[in-house]
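Working notes, structure below.
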Amino acid sequence: QVQLVESGGGLVQAGGSLRLSCAASGRTFSTLAMGWFRQAPGKEREFVASISRNSGITYYADSMKGRFTISRDNAKNTVYLQMNSLKPEDTAVYYCAAGYRSTAAAMSVIRPAGNNLDAWGQGTLVTVSS
C-alpha cells in the first residue's frame with residue numbers, strides 16, 4: 001500500500017504562485033505514475049497534471065498548460081506541482097494520486113477523472129483571491 005501526504009496549499013492573490021508537494025511512502029516510488037487532480041466546491045474532480053515513472057513524460061489539462069509544472073524527485077519520494085499565474089478559478093482542493101497499474105497518459109484522459117487509481121492523498125486547499 002502506498003500512502004500520500006500533500007502539503008503547500010494556502011491563500012494567494014491572483015497572479016501569485018504556490019508549490020504543492022506530495023510525499024509518498026509504502027511502495028517504491030519509481031514504480032508509481034503520479035498525478036494531481038483538483039475539486040472545486042460543487043464541481044466534479046478534474047485532472048490537473050500527471051508525470052511518468054521516470055519523469056520523462058508529463059501531461060497537463062489545457063487550462064493549466066504554461067502555468068503549472070509537475071515534477072518528481074524519485075530520490076525523495078516526492079512529486080511537486082508548481083503553480084504560477086494563479087487565477088481565482090484555480091481555487092480548489094488539490095489531491096495527488098498514484099497509480100502502479102496506470103500510466104501518466106491514462107491519468108490524463110480517463111473519465112471520471114482519477115478513476116481506477118490506487119492511492120490518494122488527503123488533499124490540500126488552494127484559495128486564490130481576486
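Letters for chains follow the order of the C-alpha cells (A, B, ...), residue numbers begin at 1 for each chain, and ligand numbers begin at 1 in the order shown.
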Test item: residues at most 8 Å from stretch 64-80 of chain A, only C-alpha atoms, excluding those fewer than 3 positions along its chain, as a PDB file with N, CA, C and O atoms, in the first residue's frame:
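out.pdb was written with the following content:
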ATOM      1  N   ARG A  19       3.670  26.220  -4.553  1.00  0.00           N
ATOM      2  CA  ARG A  19       4.204  24.908  -4.917  1.00  0.00           C
ATOM      3  C   ARG A  19       3.639  23.871  -3.960  1.00  0.00           C
ATOM      4  O   ARG A  19       3.833  23.967  -2.743  1.00  0.00           O
ATOM      5  N   LEU A  20       2.963  22.918  -4.522  1.00  0.00           N
ATOM      6  CA  LEU A  20       2.442  21.796  -3.750  1.00  0.00           C
ATOM      7  C   LEU A  20       3.438  20.647  -3.770  1.00  0.00           C
ATOM      8  O   LEU A  20       4.118  20.422  -4.772  1.00  0.00           O
ATOM      9  N   SER A  21       3.486  19.930  -2.666  1.00  0.00           N
ATOM     10  CA  SER A  21       4.326  18.744  -2.567  1.00  0.00           C
ATOM     11  C   SER A  21       3.467  17.563  -2.154  1.00  0.00           C
ATOM     12  O   SER A  21       2.461  17.727  -1.451  1.00  0.00           O
ATOM     13  N   CYS A  22       3.889  16.395  -2.565  1.00  0.00           N
ATOM     14  CA  CYS A  22       3.194  15.169  -2.186  1.00  0.00           C
ATOM     15  C   CYS A  22       4.264  14.122  -1.889  1.00  0.00           C
ATOM     16  O   CYS A  22       4.985  13.693  -2.796  1.00  0.00           O
ATOM     17  N   ALA A  23       4.349  13.738  -0.628  1.00  0.00           N
ATOM     18  CA  ALA A  23       5.327  12.748  -0.198  1.00  0.00           C
ATOM     19  C   ALA A  23       4.685  11.372  -0.163  1.00  0.00           C
ATOM     20  O   ALA A  23       3.600  11.194   0.400  1.00  0.00           O
ATOM     21  N   ALA A  24       5.369  10.413  -0.746  1.00  0.00           N
ATOM     22  CA  ALA A  24       4.854   9.048  -0.826  1.00  0.00           C
ATOM     23  C   ALA A  24       5.667   8.117   0.054  1.00  0.00           C
ATOM     24  O   ALA A  24       6.868   8.301   0.247  1.00  0.00           O
ATOM     25  N   SER A  25       4.984   7.108   0.563  1.00  0.00           N
ATOM     26  CA  SER A  25       5.660   6.068   1.344  1.00  0.00           C
ATOM     27  C   SER A  25       4.921   4.764   1.143  1.00  0.00           C
ATOM     28  O   SER A  25       3.768   4.745   0.712  1.00  0.00           O
ATOM     29  N   PHE A  29       8.770   4.323  -4.997  1.00  0.00           N
ATOM     30  CA  PHE A  29       8.164   5.478  -5.649  1.00  0.00           C
ATOM     31  C   PHE A  29       8.317   5.431  -7.156  1.00  0.00           C
ATOM     32  O   PHE A  29       7.415   5.832  -7.894  1.00  0.00           O
ATOM     33  N   SER A  30       9.439   4.940  -7.619  1.00  0.00           N
ATOM     34  CA  SER A  30       9.688   4.938  -9.056  1.00  0.00           C
ATOM     35  C   SER A  30       8.790   3.978  -9.825  1.00  0.00           C
ATOM     36  O   SER A  30       8.778   3.996 -11.053  1.00  0.00           O
ATOM     37  N   MET A  34       2.349   9.271 -11.261  1.00  0.00           N
ATOM     38  CA  MET A  34       1.790  10.217 -10.299  1.00  0.00           C
ATOM     39  C   MET A  34       0.980  11.299 -11.005  1.00  0.00           C
ATOM     40  O   MET A  34       1.302  11.696 -12.134  1.00  0.00           O
ATOM     41  N   VAL A  48      -5.451  17.577 -13.422  1.00  0.00           N
ATOM     42  CA  VAL A  48      -4.592  18.759 -13.498  1.00  0.00           C
ATOM     43  C   VAL A  48      -3.319  18.441 -14.285  1.00  0.00           C
ATOM     44  O   VAL A  48      -3.027  19.094 -15.279  1.00  0.00           O
ATOM     45  N   ALA A  49      -2.568  17.437 -13.818  1.00  0.00           N
ATOM     46  CA  ALA A  49      -1.303  17.101 -14.450  1.00  0.00           C
ATOM     47  C   ALA A  49      -0.885  15.701 -14.024  1.00  0.00           C
ATOM     48  O   ALA A  49      -1.314  15.215 -12.974  1.00  0.00           O
ATOM     49  N   SER A  50      -0.046  15.081 -14.840  1.00  0.00           N
ATOM     50  CA  SER A  50       0.485  13.765 -14.484  1.00  0.00           C
ATOM     51  C   SER A  50       1.903  13.637 -15.000  1.00  0.00           C
ATOM     52  O   SER A  50       2.322  14.379 -15.915  1.00  0.00           O
ATOM     53  N   ILE A  51       2.640  12.700 -14.415  1.00  0.00           N
ATOM     54  CA  ILE A  51       4.042  12.520 -14.766  1.00  0.00           C
ATOM     55  C   ILE A  51       4.365  11.034 -14.753  1.00  0.00           C
ATOM     56  O   ILE A  51       3.899  10.289 -13.894  1.00  0.00           O
ATOM     57  N   SER A  55       9.903  10.453 -15.014  1.00  0.00           N
ATOM     58  CA  SER A  55       9.846  11.905 -15.222  1.00  0.00           C
ATOM     59  C   SER A  55       9.967  12.315 -16.673  1.00  0.00           C
ATOM     60  O   SER A  55      10.000  13.502 -16.967  1.00  0.00           O
ATOM     61  N   THR A  58       5.218  14.271 -19.314  1.00  0.00           N
ATOM     62  CA  THR A  58       4.244  14.962 -18.486  1.00  0.00           C
ATOM     63  C   THR A  58       3.011  15.314 -19.320  1.00  0.00           C
ATOM     64  O   THR A  58       3.102  15.473 -20.549  1.00  0.00           O
ATOM     65  N   TYR A  60      -0.759  17.751 -19.104  1.00  0.00           N
ATOM     66  CA  TYR A  60      -1.456  18.828 -18.419  1.00  0.00           C
ATOM     67  C   TYR A  60      -2.842  19.006 -18.999  1.00  0.00           C
ATOM     68  O   TYR A  60      -3.048  18.832 -20.207  1.00  0.00           O
ATOM     69  N   ALA A  61      -3.764  19.409 -18.139  1.00  0.00           N
ATOM     70  CA  ALA A  61      -5.041  19.872 -18.641  1.00  0.00           C
ATOM     71  C   ALA A  61      -4.812  21.173 -19.408  1.00  0.00           C
ATOM     72  O   ALA A  61      -3.893  21.939 -19.090  1.00  0.00           O
ATOM     73  N   MET A  83       2.678  26.012  -9.315  1.00  0.00           N
ATOM     74  CA  MET A  83       1.542  26.708  -9.900  1.00  0.00           C
ATOM     75  C   MET A  83       1.861  28.197  -9.954  1.00  0.00           C
ATOM     76  O   MET A  83       2.069  28.835  -8.914  1.00  0.00           O
ATOM     77  N   ASN A  84       1.906  28.728 -11.150  1.00  0.00           N
ATOM     78  CA  ASN A  84       2.180  30.150 -11.367  1.00  0.00           C
ATOM     79  C   ASN A  84       0.968  30.815 -12.007  1.00  0.00           C
ATOM     80  O   ASN A  84       0.080  30.158 -12.542  1.00  0.00           O
ATOM     81  N   SER A  85       0.955  32.136 -11.967  1.00  0.00           N
ATOM     82  CA  SER A  85      -0.121  32.928 -12.576  1.00  0.00           C
ATOM     83  C   SER A  85      -1.487  32.410 -12.139  1.00  0.00           C
ATOM     84  O   SER A  85      -2.379  32.194 -12.964  1.00  0.00           O
ATOM     85  N   LEU A  86      -1.631  32.206 -10.866  1.00  0.00           N
ATOM     86  CA  LEU A  86      -2.866  31.623 -10.350  1.00  0.00           C
ATOM     87  C   LEU A  86      -4.050  32.556 -10.560  1.00  0.00           C
ATOM     88  O   LEU A  86      -3.924  33.789 -10.500  1.00  0.00           O
TER      89      LEU A  86
END
Using only C-alpha atoms, which protein or nucleic acid residues come within 9 Å of A:Ala33? Drop anything in the same chain fewer than 3 positions from it, and give the result as a PDB file with C-alpha atoms, in the first residue's frame.
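Saved to selection-v1.pdb:
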ATOM      1  CA  PHE A  29       8.164   5.478  -5.649  1.00  0.00           C
ATOM      2  CA  SER A  30       9.688   4.938  -9.056  1.00  0.00           C
ATOM      3  CA  SER A  50       0.485  13.765 -14.484  1.00  0.00           C
ATOM      4  CA  ILE A  51       4.042  12.520 -14.766  1.00  0.00           C
ATOM      5  CA  SER A  52       5.528   9.240 -15.837  1.00  0.00           C
ATOM      6  CA  ARG A  53       7.553   6.990 -13.594  1.00  0.00           C
ATOM      7  CA  ASN A  54      10.907   8.232 -14.860  1.00  0.00           C
ATOM      8  CA  ALA A  97      -2.770  10.349  -6.693  1.00  0.00           C
ATOM      9  CA  ALA A  98      -0.679   7.327  -7.529  1.00  0.00           C
ATOM     10  CA  GLY A  99      -1.155   4.528  -9.975  1.00  0.00           C
ATOM     11  CA  TYR A 100       1.017   1.423 -10.074  1.00  0.00           C
ATOM     12  CA  ARG A 101      -1.198  -0.109 -12.718  1.00  0.00           C
ATOM     13  CA  SER A 102      -1.853   3.135 -14.574  1.00  0.00           C
ATOM     14  CA  THR A 103       0.226   5.481 -16.704  1.00  0.00           C
ATOM     15  CA  ALA A 104       0.578   9.236 -16.856  1.00  0.00           C
ATOM     16  CA  MET A 107      -4.438   9.571 -15.956  1.00  0.00           C
TER      17      MET A 107
END
Exercise. From the DSSP assignment of the backbone, select every residue of stretch 25-84 of chain A that is strand (DSSP E or B), and format the answer as a ChimeraX atom specification.
Key: /A:25,33-39,46-51,58-60,68-73,78-83
Practice problem: Enumerate, as a list of chain:residue names, the complete set of residues in stretch 51-96 of chain A that a backbone-based DSSP assignment places in helix (DSSP H, G or I). | Solution: A:Asp62, A:Ser63, A:Met64, A:Pro88, A:Glu89, A:Asp90
Self-check item: Distance of atom CA of A:Val12 from atom CA of A:Val93, expressed in Å to one decimal place
Solution: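 Pair atom CA of A:Val93 / atom CA of A:Val12 returns 13.8 Å.
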Quiz item: By how many Å are atom CA of A:Glu44 and atom CA of A:Ala106 apart?
Solution: 18.2 Å
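Between atom CA of A:Thr127 and atom CA of A:Ile110 there is a distance of 26.3 Å.
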